[in-house]
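Q: For reference, the file my_file-v4.cif (mmCIF, C-alpha atoms and all ligand atoms) is included below:
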data_data
#
loop_
_atom_site.label_atom_id
_atom_site.label_comp_id
_atom_site.auth_asym_id
_atom_site.auth_seq_id
_atom_site.Cartn_x
_atom_site.Cartn_y
_atom_site.Cartn_z
CA MET A 1 160.69 66.50 82.80
CA ALA A 2 159.73 64.94 79.48
CA LYS A 3 158.69 67.38 76.78
CA ILE A 4 155.36 66.28 75.40
CA ILE A 5 153.12 67.80 72.74
CA LEU A 6 149.36 67.32 72.54
CA THR A 7 147.17 69.10 70.06
CA GLY A 8 144.36 68.36 67.66
CA ASP A 9 141.48 69.45 65.48
CA ARG A 10 137.78 68.81 65.24
CA PRO A 11 136.92 66.73 62.19
CA THR A 12 134.13 68.89 60.80
CA GLY A 13 135.67 69.54 57.39
CA LYS A 14 138.85 69.44 55.41
CA LEU A 15 141.66 71.57 56.76
CA HIS A 16 142.41 74.92 55.12
CA VAL A 17 145.37 77.29 54.80
CA GLY A 18 144.30 79.01 58.04
CA HIS A 19 144.90 75.72 59.87
CA TYR A 20 148.15 75.34 57.98
CA VAL A 21 149.80 78.65 58.88
CA GLY A 22 148.09 78.84 62.28
CA SER A 23 149.21 75.47 63.50
CA LEU A 24 149.99 72.59 61.12
CA LYS A 25 153.18 74.01 59.68
CA ARG A 26 154.51 74.65 63.17
CA ARG A 27 153.61 71.15 64.32
CA VAL A 28 155.63 69.62 61.54
CA GLU A 29 158.60 71.84 62.42
CA LEU A 30 158.31 70.87 66.08
CA GLN A 31 158.04 67.21 65.13
CA ASN A 32 161.18 67.43 63.03
CA SER A 33 163.12 69.51 65.57
CA GLY A 34 163.77 66.41 67.65
CA ASN A 35 163.19 68.52 70.79
CA PHE A 36 160.19 66.55 72.02
CA ASP A 37 160.02 63.20 73.74
CA LYS A 38 156.48 62.41 72.65
CA ILE A 39 153.99 63.96 70.25
CA PHE A 40 150.26 63.25 70.31
CA ILE A 41 148.03 64.61 67.55
CA MET A 42 144.36 64.03 68.15
CA ILE A 43 141.39 64.02 65.82
CA ALA A 44 138.79 65.43 68.21
CA ASP A 45 135.69 63.60 66.99
CA ALA A 46 134.08 63.49 70.44
CA GLN A 47 134.48 67.25 70.72
CA ALA A 48 133.09 67.70 67.20
CA LEU A 49 130.00 65.79 68.30
CA THR A 50 129.33 68.26 71.12
CA ASP A 51 127.78 70.63 68.59
CA ASN A 52 127.08 68.11 65.84
CA ALA A 53 125.09 65.52 67.74
CA GLU A 54 122.67 65.29 64.85
CA ASN A 55 125.38 64.95 62.22
CA PRO A 56 127.36 61.85 63.16
CA GLU A 57 127.97 61.01 59.51
CA LYS A 58 129.64 64.36 58.89
CA VAL A 59 132.05 63.79 61.77
CA ARG A 60 132.72 60.20 60.73
CA GLN A 61 133.52 61.14 57.12
CA ASN A 62 135.84 63.94 58.13
CA VAL A 63 138.06 61.87 60.41
CA ILE A 64 139.85 60.43 57.39
CA GLU A 65 140.00 63.85 55.67
CA VAL A 66 141.77 65.37 58.65
CA ALA A 67 144.11 62.38 58.91
CA LEU A 68 144.99 62.73 55.22
CA ASP A 69 145.58 66.47 55.64
CA TYR A 70 147.87 65.77 58.62
CA LEU A 71 149.94 63.24 56.72
CA ALA A 72 149.99 65.46 53.64
CA CYS A 73 151.45 68.33 55.67
CA GLY A 74 154.28 66.11 56.83
CA LEU A 75 153.17 64.71 60.15
CA ASP A 76 154.99 61.40 60.28
CA PRO A 77 153.43 58.46 62.13
CA ALA A 78 156.92 57.25 63.02
CA LYS A 79 157.44 60.44 65.03
CA SER A 80 153.93 61.59 65.96
CA ASN A 81 151.08 59.57 67.39
CA LEU A 82 147.97 60.29 65.37
CA PHE A 83 144.84 59.10 67.15
CA ILE A 84 141.07 59.43 67.42
CA GLN A 85 139.71 61.01 70.60
CA SER A 86 136.60 58.83 70.99
CA GLN A 87 138.73 55.68 71.05
CA ILE A 88 140.30 56.70 74.36
CA PRO A 89 137.61 56.12 77.03
CA GLU A 90 140.01 57.36 79.74
CA LEU A 91 139.45 60.88 78.41
CA THR A 92 135.75 60.81 79.27
CA GLU A 93 136.49 59.37 82.67
CA LEU A 94 138.96 62.17 83.45
CA THR A 95 136.44 64.74 82.21
CA PHE A 96 133.85 63.47 84.66
CA TYR A 97 136.20 63.92 87.62
CA TYR A 98 137.44 67.34 86.49
CA MET A 99 133.82 68.50 86.31
CA ASP A 100 133.84 68.51 90.11
CA LEU A 101 136.48 71.24 90.06
CA VAL A 102 134.82 73.72 87.69
CA THR A 103 131.83 76.01 88.29
CA VAL A 104 129.07 76.81 85.83
CA SER A 105 129.87 80.52 86.08
CA ARG A 106 133.52 79.89 85.19
CA LEU A 107 132.44 78.04 82.05
CA GLN A 108 130.04 80.85 81.18
CA ARG A 109 132.92 83.29 81.36
CA ASN A 110 135.09 81.33 78.91
CA PRO A 111 135.32 83.76 75.94
CA THR A 112 135.56 81.03 73.31
CA VAL A 113 132.50 79.24 74.65
CA LYS A 114 130.69 82.57 74.88
CA SER A 115 131.29 83.50 71.25
CA GLU A 116 130.64 80.00 69.96
CA ILE A 117 127.32 79.93 71.77
CA GLN A 118 126.40 83.17 70.00
CA MET A 119 127.64 81.95 66.63
CA ARG A 120 125.52 78.81 66.84
CA ASN A 121 122.45 80.54 68.28
CA PHE A 122 122.62 78.19 71.23
CA GLU A 123 121.69 80.91 73.77
CA THR A 124 118.64 79.17 75.08
CA SER A 125 119.46 75.58 74.31
CA ILE A 126 123.10 74.83 74.90
CA PRO A 127 123.89 71.13 74.90
CA VAL A 128 125.55 70.28 78.21
CA GLY A 129 128.31 68.44 76.39
CA PHE A 130 129.11 71.53 74.34
CA PHE A 131 129.02 73.79 77.36
CA THR A 132 131.52 71.60 79.18
CA TYR A 133 133.90 70.92 76.31
CA PRO A 134 136.64 73.10 77.84
CA ILE A 135 136.74 70.55 80.68
CA SER A 136 137.03 67.70 78.21
CA GLN A 137 139.80 69.59 76.48
CA ALA A 138 141.64 69.83 79.81
CA ALA A 139 141.32 66.05 80.03
CA ASP A 140 142.79 65.69 76.52
CA ILE A 141 145.78 67.79 77.45
CA THR A 142 146.50 66.41 80.91
CA ALA A 143 145.91 62.76 80.02
CA PHE A 144 149.11 62.87 78.00
CA LYS A 145 151.00 65.02 80.54
CA ALA A 146 151.42 67.53 77.75
CA THR A 147 153.91 70.31 78.45
CA THR A 148 153.36 72.06 75.13
CA VAL A 149 150.13 72.70 73.24
CA PRO A 150 150.65 74.30 69.81
CA VAL A 151 147.33 75.86 68.77
CA GLY A 152 145.85 79.00 67.26
CA GLU A 153 145.10 81.97 69.48
CA ASP A 154 141.38 81.14 69.61
CA GLN A 155 142.35 78.27 71.90
CA GLU A 156 143.96 80.52 74.50
CA PRO A 157 140.94 80.56 76.85
CA MET A 158 140.87 76.74 76.72
CA LEU A 159 144.47 76.58 77.86
CA GLU A 160 143.79 79.08 80.65
CA GLN A 161 140.91 76.98 81.87
CA CYS A 162 143.01 73.83 81.64
CA LYS A 163 145.75 75.38 83.76
CA GLU A 164 143.18 76.35 86.39
CA ILE A 165 141.91 72.79 86.53
CA VAL A 166 145.46 71.47 86.89
CA ARG A 167 146.21 73.88 89.74
CA LYS A 168 142.96 73.12 91.49
CA PHE A 169 143.43 69.38 91.12
CA ASN A 170 146.99 69.49 92.39
CA SER A 171 146.09 71.68 95.36
CA VAL A 172 143.16 69.49 96.39
CA TYR A 173 144.55 66.03 95.67
CA GLY A 174 148.32 66.56 95.68
CA ASP A 175 150.75 67.08 92.81
CA THR A 176 149.55 64.83 90.02
CA LEU A 177 148.87 66.75 86.80
CA THR A 178 151.24 68.66 84.54
CA GLU A 179 150.57 72.31 83.72
CA PRO A 180 150.77 72.88 79.96
CA GLU A 181 152.13 75.84 78.03
CA ILE A 182 150.37 77.21 74.96
CA LEU A 183 152.56 77.67 71.89
CA LEU A 184 151.18 80.32 69.53
CA PRO A 185 152.38 80.94 65.96
CA ASP A 186 155.38 83.28 65.98
CA ASN A 187 154.31 85.23 62.90
CA GLN A 188 151.54 87.76 63.70
CA ALA A 189 149.79 87.23 60.37
CA CYS A 190 149.53 83.53 61.17
CA LEU A 191 147.60 84.15 64.36
CA ARG A 192 144.43 84.49 62.38
CA LEU A 193 144.29 84.34 58.63
CA PRO A 194 141.15 86.11 57.36
CA GLY A 195 138.81 84.57 54.80
CA ILE A 196 139.29 85.44 51.14
CA ASP A 197 136.30 87.78 51.54
CA GLY A 198 138.10 89.73 54.25
CA LYS A 199 135.90 88.35 57.04
CA ALA A 200 137.81 87.85 60.26
CA LYS A 201 137.68 84.09 60.19
CA MET A 202 137.93 81.40 57.57
CA SER A 203 135.00 79.14 57.93
CA LYS A 204 133.52 76.42 55.86
CA SER A 205 130.00 77.76 56.28
CA LEU A 206 131.03 81.17 54.94
CA GLY A 207 132.64 79.55 51.89
CA ASN A 208 135.70 81.77 52.25
CA CYS A 209 138.47 79.20 52.76
CA ILE A 210 141.25 77.85 50.60
CA TYR A 211 141.58 74.14 51.38
CA LEU A 212 144.87 72.27 51.53
CA SER A 213 143.56 69.66 49.12
CA GLU A 214 142.06 72.13 46.67
CA ASP A 215 143.02 71.86 43.00
CA PRO A 216 145.28 74.54 41.46
CA ASP A 217 142.59 76.10 39.22
CA SER A 218 140.16 76.55 42.00
CA ILE A 219 142.87 78.04 44.26
CA LYS A 220 143.76 80.49 41.52
CA LYS A 221 140.13 81.53 41.09
CA LYS A 222 139.81 82.15 44.79
CA VAL A 223 143.03 84.15 45.04
CA MET A 224 142.16 86.29 42.02
CA SER A 225 138.74 87.04 43.52
CA MET A 226 140.13 88.00 46.91
CA PHE A 227 138.92 91.05 48.71
CA THR A 228 141.51 93.88 48.85
CA ASP A 229 141.54 97.54 49.83
CA PRO A 230 138.10 98.79 48.64
CA ASN A 231 139.51 102.31 48.07
CA HIS A 232 142.27 101.10 45.77
CA LEU A 233 140.24 101.48 42.61
CA ARG A 234 142.81 102.42 39.97
CA VAL A 235 146.39 101.23 39.72
CA GLU A 236 147.67 104.77 40.41
CA ASP A 237 145.71 105.05 43.68
CA PRO A 238 147.62 104.67 46.91
CA GLY A 239 146.58 101.44 48.64
CA LYS A 240 146.30 100.23 52.19
CA VAL A 241 148.10 97.05 53.21
CA GLU A 242 146.83 96.83 56.80
CA ASP A 243 143.80 94.53 57.04
CA ASN A 244 144.05 93.96 53.31
CA PRO A 245 143.59 90.17 53.06
CA VAL A 246 145.98 89.83 50.12
CA PHE A 247 148.77 91.41 52.16
CA VAL A 248 147.85 89.52 55.31
CA TYR A 249 148.26 86.30 53.30
CA LEU A 250 151.56 87.54 51.94
CA ASP A 251 152.68 88.29 55.50
CA ALA A 252 151.94 84.68 56.33
CA PHE A 253 153.44 83.06 53.24
CA ALA A 254 155.79 85.25 51.21
CA THR A 255 159.46 84.65 51.96
CA ASP A 256 162.28 86.56 50.26
CA ALA A 257 163.02 83.39 48.29
CA TYR A 258 159.55 83.57 46.74
CA PHE A 259 160.28 87.12 45.61
CA ALA A 260 163.47 85.97 43.94
CA GLU A 261 161.55 83.16 42.25
CA PHE A 262 158.31 84.86 41.20
CA LEU A 263 158.65 88.64 41.52
CA PRO A 264 162.31 89.61 41.27
CA ASP A 265 161.51 93.33 40.79
CA TYR A 266 161.15 93.42 44.57
CA GLN A 267 163.59 92.10 47.16
CA ASN A 268 161.02 91.48 49.82
CA LEU A 269 157.54 92.16 51.09
CA ASP A 270 158.45 95.54 52.57
CA GLU A 271 159.38 96.85 49.13
CA LEU A 272 156.16 95.53 47.64
CA LYS A 273 154.11 97.10 50.43
CA ASP A 274 155.85 100.45 49.96
CA HIS A 275 154.99 100.45 46.27
CA TYR A 276 151.37 99.56 46.98
CA ARG A 277 151.11 102.33 49.56
CA ARG A 278 152.62 104.88 47.19
CA GLY A 279 150.28 103.92 44.36
CA GLY A 280 151.09 102.54 40.95
CA LEU A 281 150.86 98.88 41.86
CA GLY A 282 147.75 97.00 40.74
CA ASP A 283 145.90 94.35 42.72
CA VAL A 284 146.13 91.87 39.86
CA LYS A 285 149.91 91.86 39.96
CA VAL A 286 149.94 91.32 43.72
CA LYS A 287 147.33 88.59 43.49
CA LYS A 288 149.23 86.79 40.76
CA PHE A 289 152.27 86.76 43.00
CA LEU A 290 150.21 85.51 45.96
CA ASN A 291 148.75 82.80 43.76
CA ASN A 292 152.25 81.63 42.76
CA VAL A 293 153.33 81.57 46.39
CA ILE A 294 150.29 79.64 47.62
CA GLN A 295 150.53 77.19 44.72
CA ALA A 296 154.19 76.58 45.58
CA GLU A 297 153.34 75.97 49.24
CA LEU A 298 150.40 73.71 48.59
CA GLU A 299 151.67 71.63 45.68
CA PRO A 300 153.88 69.27 47.71
CA ILE A 301 151.09 68.90 50.25
CA ARG A 302 148.55 68.00 47.57
CA LYS A 303 150.95 65.52 45.97
CA ARG A 304 151.63 63.76 49.26
CA ARG A 305 147.91 63.62 49.96
CA GLN A 306 147.25 61.98 46.61
CA GLU A 307 149.78 59.28 47.50
CA TYR A 308 148.19 58.61 50.89
CA GLN A 309 144.68 58.58 49.38
CA LYS A 310 145.65 55.46 47.45
CA ASP A 311 145.70 53.35 50.58
CA ILE A 312 142.89 54.28 52.97
CA PRO A 313 143.05 51.03 55.01
CA TYR A 314 146.67 51.90 55.80
CA ILE A 315 145.58 55.30 57.16
CA TYR A 316 143.11 53.57 59.48
CA GLU A 317 145.94 51.24 60.57
CA ILE A 318 148.01 54.29 61.49
CA LEU A 319 145.12 55.74 63.48
CA LYS A 320 144.46 52.45 65.23
CA LYS A 321 148.06 52.01 66.30
CA GLY A 322 148.22 55.66 67.37
CA SER A 323 145.04 55.22 69.40
CA GLU A 324 146.47 52.16 71.17
CA THR A 325 149.61 54.04 72.16
CA ALA A 326 147.55 57.04 73.22
CA GLU A 327 145.27 54.89 75.33
CA ALA A 328 148.20 53.35 77.21
CA ALA A 329 149.49 56.82 78.07
CA ALA A 330 146.05 58.06 79.17
CA ALA A 331 145.46 54.93 81.27
CA GLN A 332 148.64 55.62 83.22
CA THR A 333 147.50 59.17 84.03
CA LEU A 334 143.99 58.03 84.92
CA SER A 335 145.40 55.54 87.37
CA GLU A 336 147.47 58.29 89.02
CA VAL A 337 144.40 60.52 89.14
CA LYS A 338 142.32 57.80 90.75
CA SER A 339 144.84 57.12 93.45
CA ALA A 340 145.21 60.84 94.14
CA MET A 341 141.41 61.04 94.43
CA LYS A 342 141.32 57.98 96.67
CA ILE A 343 139.16 55.93 94.34
CA ASN A 344 141.67 53.16 93.79
CA TYR A 345 140.12 50.75 96.32
CA PHE A 346 141.40 47.47 94.96
CA GLU A 347 144.99 48.59 94.55
CA ASP A 348 145.22 50.23 97.93
CA LYS A 349 146.54 47.48 100.22
CA GLU A 350 146.91 49.98 103.06
CA LEU A 351 143.26 50.93 102.96
CA ILE A 352 142.18 47.31 103.22
CA ALA A 353 144.69 46.56 105.98
CA MET A 354 143.64 49.63 107.94
CA GLN A 355 139.98 48.88 107.73
CA SER A 356 140.48 45.24 108.72
CA ALA A 357 142.53 46.39 111.70
CA LYS A 358 139.79 48.78 112.69
CA TYR A 359 137.21 46.04 112.84
CA HIS A 360 139.54 43.49 114.46
CA ASP A 361 140.49 45.96 117.18
CA ALA A 362 136.84 46.53 117.86
CA GLU A 363 136.22 42.84 118.37
N1 LIG B 401 139.34 72.70 70.25
C1 LIG B 401 140.25 72.30 69.22
C2 LIG B 401 139.68 72.80 67.87
O1 LIG B 401 138.59 73.31 67.84
C3 LIG B 401 140.43 70.80 69.14
C4 LIG B 401 140.95 70.20 70.40
C5 LIG B 401 140.30 69.32 71.21
C6 LIG B 401 142.21 70.45 71.02
N2 LIG B 401 141.06 68.98 72.28
C7 LIG B 401 142.24 69.65 72.19
C8 LIG B 401 143.30 71.26 70.70
C9 LIG B 401 143.33 69.67 73.05
C10 LIG B 401 144.38 71.28 71.56
C11 LIG B 401 144.40 70.50 72.74
O2 LIG B 401 140.30 72.68 66.85
#
So, in terms of structure tokens, how does the structure I just supplied come out?

A:
Amino acid sequence: MAKIILTGDRPTGKLHVGHYVGSLKRRVELQNSGNFDKIFIMIADAQALTDNAENPEKVRQNVIEVALDYLACGLDPAKSNLFIQSQIPELTELTFYYMDLVTVSRLQRNPTVKSEIQMRNFETSIPVGFFTYPISQAADITAFKATTVPVGEDQEPMLEQCKEIVRKFNSVYGDTLTEPEILLPDNQACLRLPGIDGKAKMSKSLGNCIYLSEDPDSIKKKVMSMFTDPNHLRVEDPGKVEDNPVFVYLDAFATDAYFAEFLPDYQNLDELKDHYRRGGLGDVKVKKFLNNVIQAELEPIRKRRQEYQKDIPYIYEILKKGSETAEAAAAQTLSEVKSAMKINYFEDKELIAMQSAKYHDAE
């Protein structure tokens, strides 16, 4: 069976370091591993509109930002198909048919939908499109026969729901769709990077993100202002590294090579953590190290982005080509789905022959 990747992001803002360690970095590694037959990376504008119906301009402006962030991180259009969700009408068509296989109560139980409804104060006025986006996400995944979906852990319930739809479809209409596997980040700290304020999630509206395209000064300011252990008041005090955002970031980013380069007094993160726990290590020193590490990670990304920014029409060319390739793949799956569901009237010679025979015999 072909190994196929499908994943994507909603274009509601620029991508931040949480996206990077949670998913983008891994995607680039997977792309360059040569282990996959096809890779589809989708800018999920249609999904972004499910809770931004009144902000079409925001979604439209962020499509290019996300595309630039993708390319900057090292996604290569020669190896990965970058495309825009709304340009693939087959996805909406699949969604409509999958809706027949999902109950309202199952959607209500989807933990991601549940918490997003709360976050957006949608309780009494949920847009139907938003409520059903897990079904549309199942269409995104299955349209490309994806075997592997690299995403952050918040997407786990979406993948569960997708698998259920696949199983249901295949049991009702015969083996047609491919069941995908989720691929989570392998480093625990990367599962969910907290905001610089220590809040559980980085989010644009909370203003607690470090963006991939952010300039070095502003990154430094953010790192130096990061929340740490509130009880670590003086340098001599013992500090806590668990749930301390500075150390969670170091867990995600700091390799031994960075210690050799920027903080050679310590061999590795374990030694640094031990010192912090014992007391005698100040937050400023740790933050300065973290700043050096993040700057080193983000500099090549920012440089590549600046190159791509010089030719925006070329980026749209990439997205257009990617969307054409993606549409061809989705059209193939849709045609298989329609024959499985017996709604392929004009291609079904047997159906026509059988029905003519029926009426001739009756004559
Ligand atoms: N829900 C994802 C996000 O919020 C975006 C997305 C849409 C997606 N369709 C997908 C991710 C299919 C993986 C597979 O970022």

Q: Could you tell me how far atom CA of Glu90 of chain A sits from atom CA of Leu334 of chain A, in Å to one decimal place?

A: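 Going from atom CA of Leu334 of chain A over to atom CA of Glu90 of chain A covers 6.6 Å.
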
Q: Show me, as a list of chain:residue names, the residues that have an atom within 9 Å of Glu179 of chain A when counting all atoms listed in the file, minus same-chain residues fewer than 2 positions from it.

A: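 The filter keeps A:Thr142, A:Lys145, A:Ala146, A:Thr147, A:Cys162, A:Lys163, A:Glu164, A:Val166, A:Arg167, A:Leu177, A:Glu181.
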
Q: Would you list the residues that come within 9 Å of ligand LIG 401 (chain B)? Count all atoms listed in the file and give the answer as a count of residues only.

A: 32

Q: Between A:Glu29, A:Thr92, A:Ala260, A:Pro245, which is the closest to Lys201 of chain A once you count all atoms listed in the file?

A: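 Result for the nearest residue to Lys201 of chain A: A:Pro245.
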
Q: Excluding Val128 of chain A and any residue of its chain fewer than 5 positions from it, enumerate the residues within 12 Å of it, using only C-alpha atoms, and give them as an MDAnalysis selection string.

A: chainID A and resid 49:51 53 99 104 107:108 113 117 122 133:136

Q: Smallest atom-to-atom distance to Gln161 of chain A: which of A:Leu24, A:Leu263, A:Leu101, A:Ile318, using only C-alpha atoms?

A: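 Going through A:Leu24, A:Leu263, A:Leu101, A:Ile318 one by one, the smallest distance to Gln161 of chain A is for A:Leu101.
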
Q: Counting only C-alpha atoms, figure out which residue out of A:Gly129, A:Pro230, A:Pro238, A:Pro77 gets nearest to Phe96 of chain A.

A: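 Of A:Gly129, A:Pro230, A:Pro238, A:Pro77, the one nearest Phe96 of chain A, counting only C-alpha atoms, is A:Gly129.
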
Q: Just the residues within 10 Å of Pro216 of chain A, please, counting all atoms listed in the file, with nothing from its chain fewer than 2 positions along; format it as a VMD selection string.

A: chain A and resid 213 to 214 218 to 222 291 294 to 295 298 to 299 302

Q: Within 12 Å of Ala296 of chain A, counting all atoms listed in the file, which residues show up once you throw out same-chain ones fewer than 5 positions away? Write them as a VMD selection string, please.

A: chain A and resid 212 216 219 to 220 253 to 255 257 to 258 261 to 262 289 to 291 301 to 303

Q: Could you check how far atom CA of Asp229 of chain A sits from atom CA of Asn244 of chain A, in Å to one decimal?

A: 5.6 Å

Q: Tell me which of A:Leu94, A:Val284, A:Ile88, A:Ala2 sits closest to Asp37 of chain A, counting all atoms listed in the file.

A: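 Of A:Leu94, A:Val284, A:Ile88, A:Ala2, the one nearest Asp37 of chain A is A:Ala2, counting all atoms listed in the file.
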
Q: Given the choices A:Leu15, A:Leu281, A:Leu272, A:Leu68, which gets closest to Arg234 of chain A if the distance is worked out from all atoms listed in the file?

A: A:Leu281

Q: Set the distance at 7 Å and use all atoms listed in the file: which residues neighbour Lys38 of chain A once local chain neighbours fewer than 5 positions away are removed? I'd like the list as a ChimeraX atom specification.

A: /A:3-5

Q: Measuring atom to atom with only C-alpha atoms, identify which of A:Lys288, A:Lys79, A:His232, A:Lys320 is nearest to Val28 of chain A.

A: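 The closest residue to Val28 of chain A is A:Lys79.
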
Q: Separation of atom CA of Met226 of chain A and atom CA of Asp265 of chain A, in Å?

A: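 Computed distance, atom CA of Met226 of chain A to atom CA of Asp265 of chain A, equals 22.9 Å.
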
Q: Add whatever atoms are absent from segment 125-140 of chain A to reach N, CA, C and O atoms, and provide the output as a PDB file, in the coordinates of the input.

A:
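To be explicit, this is the file written out as result22.pdb:
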ATOM      1  N   SER A 125     119.498  77.042  74.330  1.00  0.00           N
ATOM      2  CA  SER A 125     119.460  75.580  74.310  1.00  0.00           C
ATOM      3  C   SER A 125     120.845  75.000  74.089  1.00  0.00           C
ATOM      4  O   SER A 125     121.104  74.352  73.096  1.00  0.00           O
ATOM      5  N   ILE A 126     121.726  75.306  75.024  1.00  0.00           N
ATOM      6  CA  ILE A 126     123.100  74.830  74.900  1.00  0.00           C
ATOM      7  C   ILE A 126     123.187  73.374  75.309  1.00  0.00           C
ATOM      8  O   ILE A 126     122.807  73.032  76.421  1.00  0.00           O
ATOM      9  N   PRO A 127     123.684  72.504  74.440  1.00  0.00           N
ATOM     10  CA  PRO A 127     123.890  71.130  74.900  1.00  0.00           C
ATOM     11  C   PRO A 127     124.924  71.106  76.023  1.00  0.00           C
ATOM     12  O   PRO A 127     125.933  71.823  75.958  1.00  0.00           O
ATOM     13  N   VAL A 128     124.646  70.330  77.057  1.00  0.00           N
ATOM     14  CA  VAL A 128     125.550  70.280  78.210  1.00  0.00           C
ATOM     15  C   VAL A 128     126.958  69.862  77.777  1.00  0.00           C
ATOM     16  O   VAL A 128     127.960  70.397  78.243  1.00  0.00           O
ATOM     17  N   GLY A 129     127.010  68.919  76.852  1.00  0.00           N
ATOM     18  CA  GLY A 129     128.310  68.440  76.390  1.00  0.00           C
ATOM     19  C   GLY A 129     129.112  69.558  75.724  1.00  0.00           C
ATOM     20  O   GLY A 129     130.317  69.671  75.910  1.00  0.00           O
ATOM     21  N   PHE A 130     128.425  70.404  74.980  1.00  0.00           N
ATOM     22  CA  PHE A 130     129.110  71.530  74.340  1.00  0.00           C
ATOM     23  C   PHE A 130     129.588  72.525  75.389  1.00  0.00           C
ATOM     24  O   PHE A 130     130.731  72.981  75.369  1.00  0.00           O
ATOM     25  N   PHE A 131     128.708  72.818  76.306  1.00  0.00           N
ATOM     26  CA  PHE A 131     129.020  73.790  77.360  1.00  0.00           C
ATOM     27  C   PHE A 131     130.263  73.371  78.152  1.00  0.00           C
ATOM     28  O   PHE A 131     131.060  74.204  78.577  1.00  0.00           O
ATOM     29  N   THR A 132     130.432  72.077  78.314  1.00  0.00           N
ATOM     30  CA  THR A 132     131.520  71.600  79.180  1.00  0.00           C
ATOM     31  C   THR A 132     132.747  71.154  78.377  1.00  0.00           C
ATOM     32  O   THR A 132     133.659  70.577  78.939  1.00  0.00           O
ATOM     33  N   TYR A 133     132.771  71.452  77.073  1.00  0.00           N
ATOM     34  CA  TYR A 133     133.900  70.920  76.310  1.00  0.00           C
ATOM     35  C   TYR A 133     135.265  71.473  76.744  1.00  0.00           C
ATOM     36  O   TYR A 133     136.271  70.793  76.596  1.00  0.00           O
ATOM     37  N   PRO A 134     135.324  72.700  77.340  1.00  0.00           N
ATOM     38  CA  PRO A 134     136.640  73.100  77.840  1.00  0.00           C
ATOM     39  C   PRO A 134     137.180  72.121  78.903  1.00  0.00           C
ATOM     40  O   PRO A 134     138.395  71.939  79.018  1.00  0.00           O
ATOM     41  N   ILE A 135     136.283  71.507  79.645  1.00  0.00           N
ATOM     42  CA  ILE A 135     136.740  70.550  80.680  1.00  0.00           C
ATOM     43  C   ILE A 135     137.278  69.303  79.998  1.00  0.00           C
ATOM     44  O   ILE A 135     138.310  68.743  80.372  1.00  0.00           O
ATOM     45  N   SER A 136     136.569  68.883  78.945  1.00  0.00           N
ATOM     46  CA  SER A 136     137.030  67.700  78.210  1.00  0.00           C
ATOM     47  C   SER A 136     138.364  67.993  77.534  1.00  0.00           C
ATOM     48  O   SER A 136     139.252  67.134  77.445  1.00  0.00           O
ATOM     49  N   GLN A 137     138.531  69.230  77.105  1.00  0.00           N
ATOM     50  CA  GLN A 137     139.800  69.590  76.480  1.00  0.00           C
ATOM     51  C   GLN A 137     140.941  69.570  77.514  1.00  0.00           C
ATOM     52  O   GLN A 137     142.073  69.217  77.194  1.00  0.00           O
ATOM     53  N   ALA A 138     140.626  69.925  78.750  1.00  0.00           N
ATOM     54  CA  ALA A 138     141.640  69.830  79.810  1.00  0.00           C
ATOM     55  C   ALA A 138     142.011  68.360  80.034  1.00  0.00           C
ATOM     56  O   ALA A 138     143.176  68.037  80.300  1.00  0.00           O
ATOM     57  N   ALA A 139     141.031  67.483  79.906  1.00  0.00           N
ATOM     58  CA  ALA A 139     141.320  66.050  80.030  1.00  0.00           C
ATOM     59  C   ALA A 139     142.230  65.594  78.892  1.00  0.00           C
ATOM     60  O   ALA A 139     143.208  64.873  79.106  1.00  0.00           O
ATOM     61  N   ASP A 140     141.941  66.058  77.670  1.00  0.00           N
ATOM     62  CA  ASP A 140     142.790  65.690  76.520  1.00  0.00           C
ATOM     63  C   ASP A 140     144.251  66.060  76.784  1.00  0.00           C
ATOM     64  O   ASP A 140     145.169  65.284  76.507  1.00  0.00           O
TER      65      ASP A 140
END
